[in-house]
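Student: Enclosed is the structure file coords.cif (mmCIF, C-alpha atoms).
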```cif
data_structure
#
loop_
_atom_site.label_atom_id
_atom_site.label_comp_id
_atom_site.auth_asym_id
_atom_site.auth_seq_id
_atom_site.Cartn_x
_atom_site.Cartn_y
_atom_site.Cartn_z
CA MET V 1000 18.30 17.25 9.98
CA ILE V 1001 21.62 15.40 9.70
CA ALA V 1002 21.85 15.40 13.49
CA ASP V 1003 18.39 13.82 13.70
CA ARG V 1004 19.41 11.14 11.24
CA ASP V 1005 22.62 10.48 13.15
CA ALA V 1006 20.61 10.03 16.34
CA LEU V 1007 18.22 7.68 14.55
CA ARG V 1008 21.13 5.65 13.21
CA GLN V 1009 22.62 5.32 16.67
CA ARG V 1010 19.26 4.25 18.11
CA LEU V 1011 18.68 1.63 15.41
CA ASP V 1012 22.22 0.29 15.74
CA ARG V 1013 21.92 0.02 19.53
CA ALA V 1014 18.52 -1.68 19.43
CA THR V 1015 19.58 -4.25 16.84
CA GLY V 1016 23.27 -4.68 17.58
CA HIS V 1017 22.76 -8.29 18.66
CA LEU V 1018 21.14 -9.23 15.33
CA GLU V 1019 22.77 -10.37 12.12
CA THR V 1020 22.02 -8.54 8.89
CA PRO V 1021 20.05 -8.31 6.71
CA ILE V 1022 17.38 -7.11 9.10
CA ALA V 1023 14.23 -5.04 8.68
CA VAL V 1024 12.80 -2.78 11.36
CA VAL V 1025 9.77 -0.59 11.97
CA ASP V 1026 10.10 2.36 14.34
CA LEU V 1027 6.85 2.23 16.32
CA ALA V 1028 6.99 5.89 17.35
CA ALA V 1029 7.13 6.97 13.70
CA PHE V 1030 4.52 4.36 12.72
CA ASP V 1031 2.06 5.63 15.34
CA ASP V 1032 2.72 9.27 14.45
CA ASN V 1033 2.07 8.55 10.78
CA ALA V 1034 -1.20 6.85 11.70
CA ALA V 1035 -2.25 9.91 13.69
CA GLN V 1036 -1.27 12.26 10.86
CA LEU V 1037 -3.33 10.24 8.39
CA GLU V 1038 -6.33 10.32 10.73
CA ARG V 1039 -6.18 14.09 10.98
CA ARG V 1040 -6.12 14.42 7.21
CA THR V 1041 -9.33 12.51 6.51
CA GLY V 1042 -11.62 15.13 8.05
CA GLY V 1043 -13.01 12.63 10.52
CA LYS V 1044 -13.92 9.89 8.05
CA PRO V 1045 -13.09 6.29 9.02
CA MET V 1046 -10.00 4.70 7.52
CA ARG V 1047 -9.45 1.28 5.97
CA VAL V 1048 -5.90 -0.06 6.14
CA ALA V 1049 -4.36 -1.37 2.92
CA SER V 1050 -2.80 -4.65 4.04
CA LYS V 1051 -0.57 -4.84 0.95
CA SER V 1052 1.39 -1.91 2.33
CA VAL V 1053 1.92 -3.50 5.78
CA ARG V 1054 2.12 -7.32 5.40
CA CYS V 1055 2.63 -7.92 9.11
CA ARG V 1056 -0.32 -9.09 11.22
CA GLN V 1057 0.97 -7.54 14.43
CA LEU V 1058 1.20 -4.10 12.80
CA LEU V 1059 -2.20 -4.48 11.15
CA GLU V 1060 -3.65 -5.25 14.57
CA ARG V 1061 -1.82 -2.25 16.02
CA VAL V 1062 -3.32 0.25 13.59
CA LEU V 1063 -6.78 -1.36 13.71
CA ALA V 1064 -6.78 -0.90 17.49
CA ARG V 1065 -6.96 2.85 16.85
CA PRO V 1066 -10.57 4.13 16.85
CA ALA V 1067 -10.36 5.81 13.44
CA TRP V 1068 -9.32 2.66 11.58
CA ARG V 1069 -12.01 0.16 10.60
CA GLY V 1070 -11.49 -2.79 8.33
CA VAL V 1071 -8.87 -4.04 5.90
CA LEU V 1072 -8.43 -3.57 2.17
CA ALA V 1073 -7.07 -7.02 1.34
CA TYR V 1074 -5.51 -7.82 -2.01
CA THR V 1075 -6.56 -11.42 -2.59
CA LEU V 1076 -9.45 -13.48 -1.32
CA THR V 1077 -7.06 -15.99 0.25
CA GLU V 1078 -5.49 -13.15 2.23
CA ALA V 1079 -8.90 -11.85 3.33
CA ILE V 1080 -9.92 -15.33 4.52
CA TRP V 1081 -6.66 -15.69 6.43
CA LEU V 1082 -7.03 -12.28 8.09
CA VAL V 1083 -10.61 -13.02 9.16
CA ARG V 1084 -9.81 -16.50 10.45
CA THR V 1085 -6.80 -15.27 12.43
CA GLY V 1086 -8.92 -12.57 14.08
CA VAL V 1087 -7.25 -9.53 12.53
CA THR V 1088 -10.54 -8.19 11.18
CA ASN V 1089 -14.19 -9.01 10.65
CA ASP V 1090 -14.44 -6.49 7.81
CA ALA V 1091 -12.33 -7.26 4.74
CA LEU V 1092 -12.77 -5.73 1.30
CA VAL V 1093 -10.88 -7.56 -1.47
CA ALA V 1094 -9.32 -4.89 -3.67
CA TYR V 1095 -9.29 -6.86 -6.93
CA PRO V 1096 -11.69 -9.35 -8.52
CA THR V 1097 -10.95 -12.99 -7.74
CA VAL V 1098 -11.04 -16.08 -9.92
CA ASP V 1099 -9.55 -18.32 -7.22
CA ARG V 1100 -12.03 -21.22 -7.21
CA ALA V 1101 -10.62 -22.84 -4.08
CA ALA V 1102 -10.88 -19.61 -2.10
CA ILE V 1103 -14.36 -18.94 -3.48
CA GLY V 1104 -15.34 -22.42 -2.32
CA GLU V 1105 -14.13 -21.63 1.19
CA LEU V 1106 -16.01 -18.33 1.22
CA THR V 1107 -19.29 -19.79 0.03
CA LYS V 1108 -19.25 -22.66 2.52
CA ASP V 1109 -18.61 -20.53 5.61
CA PRO V 1110 -21.35 -18.10 6.70
CA ALA V 1111 -18.93 -16.23 8.97
CA LEU V 1112 -16.57 -15.56 6.07
CA ALA V 1113 -19.44 -14.60 3.78
CA GLY V 1114 -20.57 -12.03 6.34
CA ALA V 1115 -17.11 -10.54 6.84
CA ILE V 1116 -15.72 -10.30 3.29
CA ALA V 1117 -16.80 -8.24 0.29
CA LEU V 1118 -15.59 -9.12 -3.21
CA MET V 1119 -14.64 -6.58 -5.88
CA VAL V 1120 -16.49 -6.87 -9.19
CA ASP V 1121 -16.64 -4.88 -12.39
CA HIS V 1122 -18.43 -7.35 -14.70
CA PRO V 1123 -21.19 -9.97 -14.36
CA ALA V 1124 -18.69 -12.64 -15.43
CA HIS V 1125 -17.22 -12.46 -11.93
CA LEU V 1126 -20.60 -13.57 -10.57
CA ASP V 1127 -20.86 -16.35 -13.15
CA LEU V 1128 -17.65 -17.90 -11.85
CA ILE V 1129 -18.88 -17.78 -8.24
CA ASP V 1130 -22.14 -19.46 -9.26
CA GLN V 1131 -20.17 -22.19 -11.02
CA VAL V 1132 -18.28 -22.93 -7.80
CA THR V 1133 -21.33 -22.86 -5.53
CA PRO V 1134 -24.83 -22.22 -6.94
CA PRO V 1135 -26.90 -19.55 -5.15
CA ALA V 1136 -29.22 -22.09 -3.51
CA GLY V 1137 -26.28 -23.68 -1.72
CA ARG V 1138 -24.76 -20.63 -0.06
CA HIS V 1139 -25.31 -17.42 1.87
CA ASP V 1140 -25.39 -14.18 -0.09
CA ILE V 1141 -21.98 -12.99 -1.27
CA ARG V 1142 -21.19 -9.36 -0.48
CA LEU V 1143 -20.10 -7.31 -3.51
CA CYS V 1144 -18.30 -4.02 -4.09
CA LEU V 1145 -18.57 -2.27 -7.48
CA ASP V 1146 -15.25 -0.95 -8.78
CA LEU V 1147 -15.65 2.45 -10.47
CA ASP V 1148 -12.72 3.42 -12.67
CA ALA V 1149 -11.22 6.67 -11.34
CA SER V 1150 -8.83 7.48 -14.17
CA TRP V 1151 -9.06 10.82 -15.97
CA ARG V 1152 -9.78 10.67 -19.69
CA PRO V 1153 -9.44 14.13 -21.23
CA GLY V 1154 -10.01 13.66 -24.95
CA PRO V 1155 -7.96 10.74 -26.27
CA LEU V 1156 -5.71 10.62 -23.17
CA HIS V 1157 -5.95 8.11 -20.31
CA LEU V 1158 -4.33 9.31 -17.08
CA GLY V 1159 -4.29 6.78 -14.28
CA VAL V 1160 -4.25 3.00 -14.04
CA ARG V 1161 -6.51 0.79 -16.11
CA ARG V 1162 -8.63 -0.92 -13.49
CA SER V 1163 -12.35 -1.23 -14.07
CA PRO V 1164 -14.23 -0.95 -17.37
CA VAL V 1165 -16.95 0.90 -15.43
CA HIS V 1166 -16.19 4.59 -15.89
CA SER V 1167 -19.40 6.62 -16.15
CA ALA V 1168 -22.37 6.99 -13.83
CA GLY V 1169 -24.53 5.32 -16.46
CA GLN V 1170 -22.22 2.31 -16.67
CA ALA V 1171 -22.16 2.04 -12.87
CA ALA V 1172 -25.96 2.15 -12.67
CA ALA V 1173 -26.31 -0.47 -15.40
CA LEU V 1174 -23.89 -2.86 -13.68
CA ALA V 1175 -25.48 -2.25 -10.28
CA ARG V 1176 -28.86 -3.15 -11.74
CA ARG V 1177 -27.51 -6.44 -13.03
CA LEU V 1178 -25.80 -7.21 -9.73
CA VAL V 1179 -28.86 -6.67 -7.55
CA GLU V 1180 -30.99 -8.77 -9.90
CA ARG V 1181 -28.75 -11.80 -9.42
CA PRO V 1182 -29.82 -14.22 -6.68
CA GLY V 1183 -27.18 -15.07 -4.09
CA PHE V 1184 -25.46 -11.68 -4.12
CA ARG V 1185 -25.75 -8.40 -2.26
CA LEU V 1186 -24.23 -5.13 -3.46
CA VAL V 1187 -22.91 -3.39 -0.35
CA GLY V 1188 -20.20 -0.99 -1.52
CA MET V 1189 -18.42 1.02 -4.18
CA MET V 1190 -14.75 1.74 -4.61
CA SER V 1191 -12.74 4.09 -6.81
CA TYR V 1192 -8.97 4.40 -6.54
CA GLU V 1193 -7.57 7.63 -7.99
CA ALA V 1194 -4.08 6.33 -8.75
CA GLN V 1195 -3.10 9.37 -10.80
CA ILE V 1196 -3.59 11.47 -7.65
CA ALA V 1197 -2.82 9.13 -4.76
CA GLY V 1198 0.01 7.24 -6.41
CA VAL V 1199 1.98 9.93 -8.26
CA GLY V 1200 4.38 12.20 -6.40
CA ASP V 1201 3.79 15.84 -7.32
CA ALA V 1202 7.28 17.07 -6.37
CA PRO V 1203 9.77 14.85 -8.22
CA PRO V 1204 13.35 15.76 -7.27
CA ARG V 1205 15.11 18.13 -9.66
CA GLN V 1206 12.10 18.18 -12.01
CA ALA V 1207 10.30 21.42 -11.23
CA LEU V 1208 8.49 21.69 -14.56
CA ARG V 1209 7.30 18.09 -14.37
CA GLY V 1210 6.11 18.70 -10.82
CA ARG V 1211 4.01 21.68 -11.90
CA ALA V 1212 2.50 19.64 -14.74
CA ILE V 1213 1.64 16.81 -12.33
CA ARG V 1214 -0.02 19.20 -9.90
CA LEU V 1215 -2.10 20.75 -12.68
CA MET V 1216 -3.13 17.28 -13.89
CA GLN V 1217 -4.07 16.21 -10.38
CA ALA V 1218 -6.14 19.31 -9.67
CA ARG V 1219 -8.15 18.90 -12.87
CA SER V 1220 -8.50 15.15 -12.40
CA HIS V 1221 -9.73 15.64 -8.83
CA ALA V 1222 -12.38 18.11 -9.96
CA GLU V 1223 -13.59 15.80 -12.74
CA LEU V 1224 -13.65 12.74 -10.48
CA GLY V 1225 -15.50 14.55 -7.71
CA LYS V 1226 -18.51 15.19 -9.92
CA ARG V 1227 -18.40 11.86 -11.75
CA ARG V 1228 -18.03 9.84 -8.56
CA ALA V 1229 -20.89 11.72 -6.90
CA ASP V 1230 -23.11 11.04 -9.92
CA ALA V 1231 -22.15 7.38 -9.97
CA VAL V 1232 -22.73 6.91 -6.25
CA ALA V 1233 -26.14 8.58 -6.50
CA ALA V 1234 -27.08 6.38 -9.45
CA VAL V 1235 -25.99 3.17 -7.71
CA ARG V 1236 -27.74 4.12 -4.48
CA GLN V 1237 -30.98 4.05 -6.44
CA GLN V 1238 -30.30 0.35 -7.02
CA ALA V 1239 -28.78 -0.74 -3.70
CA ASP V 1240 -28.43 0.36 -0.08
CA LEU V 1241 -24.66 0.90 0.02
CA GLU V 1242 -22.87 0.41 3.32
CA PHE V 1243 -19.68 2.19 2.19
CA VAL V 1244 -18.05 4.17 -0.61
CA ASN V 1245 -14.29 3.69 -0.51
CA GLY V 1246 -11.64 5.86 -2.11
CA GLY V 1247 -8.15 7.21 -1.91
CA GLY V 1248 -4.69 6.18 -0.87
CA THR V 1249 -1.95 7.75 1.21
CA GLY V 1250 -1.16 10.34 -1.45
CA SER V 1251 -4.74 11.61 -1.65
CA VAL V 1252 -6.06 11.18 1.89
CA ALA V 1253 -6.95 14.84 2.41
CA ARG V 1254 -8.53 15.32 -1.02
CA THR V 1255 -10.47 12.07 -0.92
CA GLY V 1256 -11.58 12.66 2.65
CA ALA V 1257 -13.08 15.99 1.58
CA ASP V 1258 -15.21 14.32 -1.12
CA PRO V 1259 -18.77 14.17 0.28
CA SER V 1260 -19.61 11.07 -1.77
CA VAL V 1261 -16.85 9.03 -0.07
CA THR V 1262 -17.63 7.45 3.30
CA GLU V 1263 -14.24 5.87 4.07
CA VAL V 1264 -10.63 6.44 3.01
CA THR V 1265 -7.93 3.83 2.42
CA ALA V 1266 -4.29 4.27 3.40
CA GLY V 1267 -1.38 1.98 4.13
CA SER V 1268 1.94 3.12 2.67
CA GLY V 1269 1.93 6.26 4.81
CA LEU V 1270 2.30 4.13 7.94
CA TYR V 1271 5.80 3.05 6.83
CA GLY V 1272 6.79 6.23 4.95
CA PRO V 1273 8.74 4.61 2.07
CA ALA V 1274 11.11 6.57 -0.15
CA LEU V 1275 8.65 7.17 -3.00
CA PHE V 1276 6.71 9.51 -0.71
CA ASP V 1277 9.66 11.89 -0.57
CA ALA V 1278 8.32 13.11 -3.92
CA TYR V 1279 5.03 14.32 -2.43
CA ARG V 1280 4.62 17.99 -1.56
CA ASP V 1281 1.41 18.05 0.47
CA TRP V 1282 2.42 15.56 3.17
CA ARG V 1283 5.50 13.40 3.66
CA PRO V 1284 5.23 10.68 6.28
CA THR V 1285 8.04 10.17 8.74
CA PRO V 1286 10.29 7.29 7.63
CA ALA V 1287 9.34 4.35 9.85
CA ALA V 1288 10.51 1.21 8.01
CA PHE V 1289 14.15 0.45 7.28
CA PHE V 1290 16.43 -2.44 6.44
CA ALA V 1291 20.12 -2.80 7.29
CA LEU V 1292 22.97 -4.37 5.34
CA SER V 1293 26.54 -4.83 6.51
CA VAL V 1294 29.65 -3.35 4.95
CA VAL V 1295 31.84 -6.25 3.84
CA ARG V 1296 34.70 -4.52 2.02
CA ARG V 1297 36.33 -1.23 1.03
CA PRO V 1298 37.54 -1.46 -2.59
CA ALA V 1299 38.55 2.22 -2.67
CA PRO V 1300 38.85 5.13 -0.19
CA ARG V 1301 35.38 6.50 -1.04
CA ILE V 1302 33.58 3.21 -1.70
CA ALA V 1303 31.96 0.98 0.92
CA THR V 1304 30.45 -2.27 -0.34
CA VAL V 1305 27.52 -3.90 1.47
CA LEU V 1306 26.38 -7.49 1.10
CA GLY V 1307 23.18 -7.78 -0.95
CA GLY V 1308 20.90 -4.83 -1.62
CA GLY V 1309 18.96 -5.53 -4.79
CA TRP V 1310 15.55 -5.16 -3.17
CA ILE V 1311 13.92 -3.43 -6.13
CA ALA V 1312 10.32 -2.21 -5.95
CA SER V 1313 7.64 -3.08 -8.50
CA GLY V 1314 6.62 -0.63 -11.19
CA PRO V 1315 8.49 0.90 -14.12
CA ALA V 1316 12.17 -0.02 -14.22
CA GLU V 1317 13.71 3.28 -13.15
CA SER V 1318 15.91 4.69 -10.39
CA SER V 1319 12.92 5.64 -8.22
CA ARG V 1320 12.34 1.90 -7.63
CA LEU V 1321 15.76 1.42 -6.00
CA PRO V 1322 16.00 1.33 -2.20
CA GLN V 1323 17.45 4.55 -0.80
CA PRO V 1324 20.71 4.46 1.22
CA TYR V 1325 19.58 6.53 4.19
CA LEU V 1326 21.87 6.13 7.20
CA PRO V 1327 24.51 7.40 7.38
CA ALA V 1328 23.49 10.35 5.23
CA GLY V 1329 25.48 11.09 2.09
CA LEU V 1330 25.73 7.65 0.48
CA ARG V 1331 24.66 6.95 -3.10
CA TYR V 1332 24.90 4.19 -5.70
CA ARG V 1333 27.53 3.90 -8.37
CA THR V 1334 25.62 4.52 -11.58
CA GLU V 1335 27.52 1.69 -13.28
CA GLU V 1336 26.35 -0.90 -10.74
CA GLY V 1337 23.24 0.27 -8.87
CA ALA V 1338 21.77 -2.08 -6.25
CA GLY V 1339 23.25 -5.55 -6.63
CA GLU V 1340 21.84 -8.95 -5.79
CA VAL V 1341 25.02 -10.09 -4.02
CA GLN V 1342 26.88 -6.87 -3.32
CA THR V 1343 26.19 -3.14 -3.59
CA PRO V 1344 29.00 -0.58 -3.70
CA LEU V 1345 28.09 2.80 -2.21
CA VAL V 1346 30.01 5.99 -2.79
CA GLY V 1347 30.31 9.38 -1.10
CA ALA V 1348 32.62 11.06 1.35
CA VAL V 1349 30.95 9.34 4.30
CA ALA V 1350 31.81 5.96 2.75
CA GLY V 1351 35.38 6.61 3.82
CA THR V 1352 34.31 6.46 7.48
CA LEU V 1353 32.74 3.00 7.19
CA ARG V 1354 34.55 -0.23 8.01
CA PRO V 1355 33.68 -3.90 7.50
CA GLY V 1356 30.96 -4.81 9.98
CA ASP V 1357 29.39 -1.35 10.04
CA ARG V 1358 25.77 -1.07 8.94
CA VAL V 1359 24.06 0.94 6.27
CA TRP V 1360 20.33 1.54 6.73
CA PHE V 1361 18.11 1.71 3.65
CA ARG V 1362 14.55 2.73 2.97
CA HIS V 1363 12.61 0.63 0.48
CA ALA V 1364 10.99 2.54 -2.38
CA LYS V 1365 7.58 1.03 -1.54
CA ALA V 1366 6.00 -0.01 1.74
CA GLY V 1367 4.87 -3.62 2.11
CA GLU V 1368 7.24 -5.06 -0.47
CA LEU V 1369 10.03 -4.85 2.11
CA CYS V 1370 8.32 -7.67 3.99
CA GLU V 1371 8.70 -10.05 1.04
CA HIS V 1372 12.46 -10.11 1.70
CA VAL V 1373 12.41 -11.01 5.41
CA ASN V 1374 10.62 -13.46 7.69
CA GLU V 1375 10.25 -10.90 10.47
CA VAL V 1376 10.46 -7.21 11.13
CA HIS V 1377 11.90 -5.98 14.41
CA LEU V 1378 9.65 -3.45 16.09
CA ILE V 1379 11.69 -0.67 17.65
CA ASP V 1380 10.12 0.68 20.82
CA GLY V 1381 12.45 3.19 22.44
CA GLY V 1382 15.77 1.40 22.65
CA THR V 1383 14.56 -2.18 22.30
CA ALA V 1384 13.69 -4.39 19.35
CA ALA V 1385 11.08 -7.17 19.35
CA PRO V 1386 10.53 -9.49 16.37
CA ALA V 1387 7.16 -9.71 14.62
CA PRO V 1388 6.62 -12.20 11.78
CA THR V 1389 5.83 -10.90 8.33
CA TYR V 1390 3.34 -12.61 6.03
CA ARG V 1391 6.29 -14.49 4.56
CA GLY V 1392 7.47 -15.52 8.02
CA GLU V 1393 4.04 -16.93 8.82
CA GLY V 1394 4.07 -19.00 5.66
CA TYR V 1395 1.48 -16.87 3.89
CA ALA V 1396 2.23 -16.30 0.21
CA PHE V 1397 0.97 -12.80 -0.54
CA LEU V 1398 -0.16 -13.69 -4.04
CA GLY V 1399 -1.00 -17.29 -3.17
#
```
Using the file provided, produce a representation of the structure as structure tokens.
Tutor:
Amino acid sequence: MIADRDALRQRLDRATGHLETPIAVVDLAAFDDNAAQLERRTGGKPMRVASKSVRCRQLLERVLARPAWRGVLAYTLTEAIWLVRTGVTNDALVAYPTVDRAAIGELTKDPALAGAIALMVDHPAHLDLIDQVTPPAGRHDIRLCLDLDASWRPGPLHLGVRRSPVHSAGQAAALARRLVERPGFRLVGMMSYEAQIAGVGDAPPRQALRGRAIRLMQARSHAELGKRRADAVAAVRQQADLEFVNGGGTGSVARTGADPSVTEVTAGSGLYGPALFDAYRDWRPTPAAFFALSVVRRPAPRIATVLGGGWIASGPAESSRLPQPYLPAGLRYRTEEGAGEVQTPLVGAVAGTLRPGDRVWFRHAKAGELCEHVNEVHLIDGGTAAPAPTYRGEGYAFLG
């Protein structure tokens, strides 16, 4: 394993030796292998790529060129419009409800956009806002997707994220009825994201008891959701002719793909294989995305300090959100300092072998957030590196 990582380090250093740090790279061989592994785990169901986890048009186009991948799960309406207009996809599902009046205005005035994009809703108020921007008589029908809450609620507990207020089959049927009765809209899909299964690692390092508890929770949650989602889908299908039922994420691809009520599975993070997925037992993607920082000083024999490094992932403020020093193997943070904005001291025996100008390769804790720190990622193909602009590099503000 160490030998493999040494070989990877040498390959990355050779391919990018002419570039100044900080730099971000994606190893295309690992990226493609991860895509193939995800495809095999869905049981043959089509896949929708989560653009939030990629944030690079060239890599979105690469995965969408594979036969198993169809459509994009976009995260804002402005992003969906941009991806459709730039030719990345003609099938975009917006993962969260939108209140962006300017983007809604664009959508309602362009029949091509209206036919390519579906908006997420969980309350009739979302439709009211669209009607305020452009009344039904002045637009083509807007495609809608009903968001079914997938959290598990045993007794007074709530396990999972708080997304939609629509939790039961009865609530889904009632909302679907109101949606189909509204002129100017068409209900075409349902979505349910099981965050407590897909987004929680079931093998946290050095926490065996917690891991067993997580696995038990996930097994029971999966069983409960399977029945409730099937009931909800059946109830909504009595109101509308659904084109798709979307579910899952990288951490639940196999389980979600086996659910007969789901017609397509979403994944994105697994393409890059970020560090958080080291805490998953069932499948761990091959690390494909990295960033490099340069050693700038040696304050002590077993300390090597790199410039920058505070590329912290979103979520709870804990050590799992820190980027992972990966190459060379054996480096770790000083607990007193962690990952710094301007400099990051790294310790370990291997630190004594590093000199100013040497590189340390990191893995970000999450996938697409790496691209918010750089204008381009360098795509490693064999021994060469070719730049590809990130969303940021193309001037697209991810949450704009």
Student: Which one is closest to Gln1195 (chain V): V:Leu1158, V:Ala1288, V:Leu1275, V:Leu1215? Count all atoms listed in the file.
Tutor: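 So, comparing all the options, the nearest one is V:Leu1158.
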Student: If you measure from CA of Val1083 (chain V) to CA of Gly1247 (chain V), what distance in Å do you get, rounded to one decimal?
Tutor: 23.2 Å
Student: Pick out the residues sitting within 12 Å of Ile1080 (chain V), and hand them over as number ranges by chain; count only C-alpha atoms, and ignore anything fewer than 5 positions along from it in its own chain.
Tutor: V: 1071, 1073-1075, 1085-1093, 1101-1107, 1109-1118, 1395, 1399
Student: Return the single residue from V:Val1132, V:Ala1173, V:Val1199, V:Ala1029 that is closest to Gly1250 (chain V), with distances computed using all atoms listed in the file.
Tutor: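 Closest residue, counting all atoms listed in the file: V:Val1199.
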Student: Pick from V:Ser1052, V:Ser1268, V:Ser1319, V:Gln1342: nearest to Arg1296 (chain V), with only C-alpha atoms counted?
Tutor: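 Comparing V:Ser1052, V:Ser1268, V:Ser1319, V:Gln1342 against Arg1296 (chain V), the winner is V:Gln1342.
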Student: Using only C-alpha atoms, which residues sit within 12 Å of Arg1181 (chain V) once same-chain residues fewer than 6 positions away are excluded, as a PyMOL selection string?
Tutor: chain V and resi 1123-1127+1129-1130+1134-1136+1140-1143+1174-1175
Student: With C-alpha atoms kept, could you save the residues just selected as a PDB file, in the coordinates of the input?
Tutor:
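Final output, saved to selection30.pdb:
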```
ATOM      1  CA  PRO V1123     -21.190  -9.970 -14.360  1.00  0.00           C
ATOM      2  CA  ALA V1124     -18.690 -12.640 -15.430  1.00  0.00           C
ATOM      3  CA  HIS V1125     -17.220 -12.460 -11.930  1.00  0.00           C
ATOM      4  CA  LEU V1126     -20.600 -13.570 -10.570  1.00  0.00           C
ATOM      5  CA  ASP V1127     -20.860 -16.350 -13.150  1.00  0.00           C
ATOM      6  CA  ILE V1129     -18.880 -17.780  -8.240  1.00  0.00           C
ATOM      7  CA  ASP V1130     -22.140 -19.460  -9.260  1.00  0.00           C
ATOM      8  CA  PRO V1134     -24.830 -22.220  -6.940  1.00  0.00           C
ATOM      9  CA  PRO V1135     -26.900 -19.550  -5.150  1.00  0.00           C
ATOM     10  CA  ALA V1136     -29.220 -22.090  -3.510  1.00  0.00           C
ATOM     11  CA  ASP V1140     -25.390 -14.180  -0.090  1.00  0.00           C
ATOM     12  CA  ILE V1141     -21.980 -12.990  -1.270  1.00  0.00           C
ATOM     13  CA  ARG V1142     -21.190  -9.360  -0.480  1.00  0.00           C
ATOM     14  CA  LEU V1143     -20.100  -7.310  -3.510  1.00  0.00           C
ATOM     15  CA  LEU V1174     -23.890  -2.860 -13.680  1.00  0.00           C
ATOM     16  CA  ALA V1175     -25.480  -2.250 -10.280  1.00  0.00           C
TER      17      ALA V1175
END
```
Student: Rounded to one decimal in Å, what is the spacing between CA of Gly1070 (chain V) and CA of Val1048 (chain V)?
Tutor: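 Result for CA of Gly1070 (chain V) versus CA of Val1048 (chain V): 6.6 Å, one decimal.
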Student: For a test of reading the model, state the distance in Å between CA of Ala1149 (chain V) and CA of Gly1246 (chain V), rounded to one decimal.
Tutor: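 Distance reported for this atom pair: 9.3 Å.
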Student: May I have the residues within 12 Å of Lys1226 (chain V) as a tab-separated table (two decimals) with C-alpha atoms, in the coordinates of the input, using only C-alpha atoms and disregarding those fewer than 5 positions away in the same chain?
Tutor:
```
chain	number	residue	atom	x	y	z
V	1149	ALA	CA	-11.22	6.67	-11.34
V	1167	SER	CA	-19.40	6.62	-16.15
V	1168	ALA	CA	-22.37	6.99	-13.83
V	1219	ARG	CA	-8.15	18.90	-12.87
V	1220	SER	CA	-8.50	15.15	-12.40
V	1221	HIS	CA	-9.73	15.64	-8.83
V	1231	ALA	CA	-22.15	7.38	-9.97
V	1232	VAL	CA	-22.73	6.91	-6.25
V	1233	ALA	CA	-26.14	8.58	-6.50
V	1258	ASP	CA	-15.21	14.32	-1.12
V	1259	PRO	CA	-18.77	14.17	0.28
V	1260	SER	CA	-19.61	11.07	-1.77
V	1261	VAL	CA	-16.85	9.03	-0.07
```
Student: List the residues matched by the PyMOL selection byres ((chain V and resi 1214) around 12) in the displayed structure as a count of residues only, ordered by chain and then by residue number.
Tutor: 26
Student: Name the residues that the PyMOL selection byres ((chain V and resi 1253) around 12) picks from the file above, as a PyMOL selection string, using the file's chain letters and numbers.
Tutor: chain V and resi 1036-1044+1046+1196-1197+1221+1246-1252+1254-1258+1261+1263-1266+1281-1282
Student: Can you list, as a compact mmCIF listing (two decimals) with C-alpha atoms, in the coordinates of the input, every protein, DNA or RNA residue that comes within 6 Å of region 1365-1369 of chain V when you count all atoms listed in the file, leaving out same-chain residues fewer than 6 positions away?
Tutor:
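Output contents, as saved in around_0.txt:
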```txt
# COMPACT_ATOMS: atom_id res chain seq x y z
CA LYS V 1051 -0.57 -4.84 0.95
CA SER V 1052 1.39 -1.91 2.33
CA VAL V 1053 1.92 -3.50 5.78
CA ARG V 1054 2.12 -7.32 5.40
CA SER V 1268 1.94 3.12 2.67
CA TYR V 1271 5.80 3.05 6.83
CA PRO V 1273 8.74 4.61 2.07
```
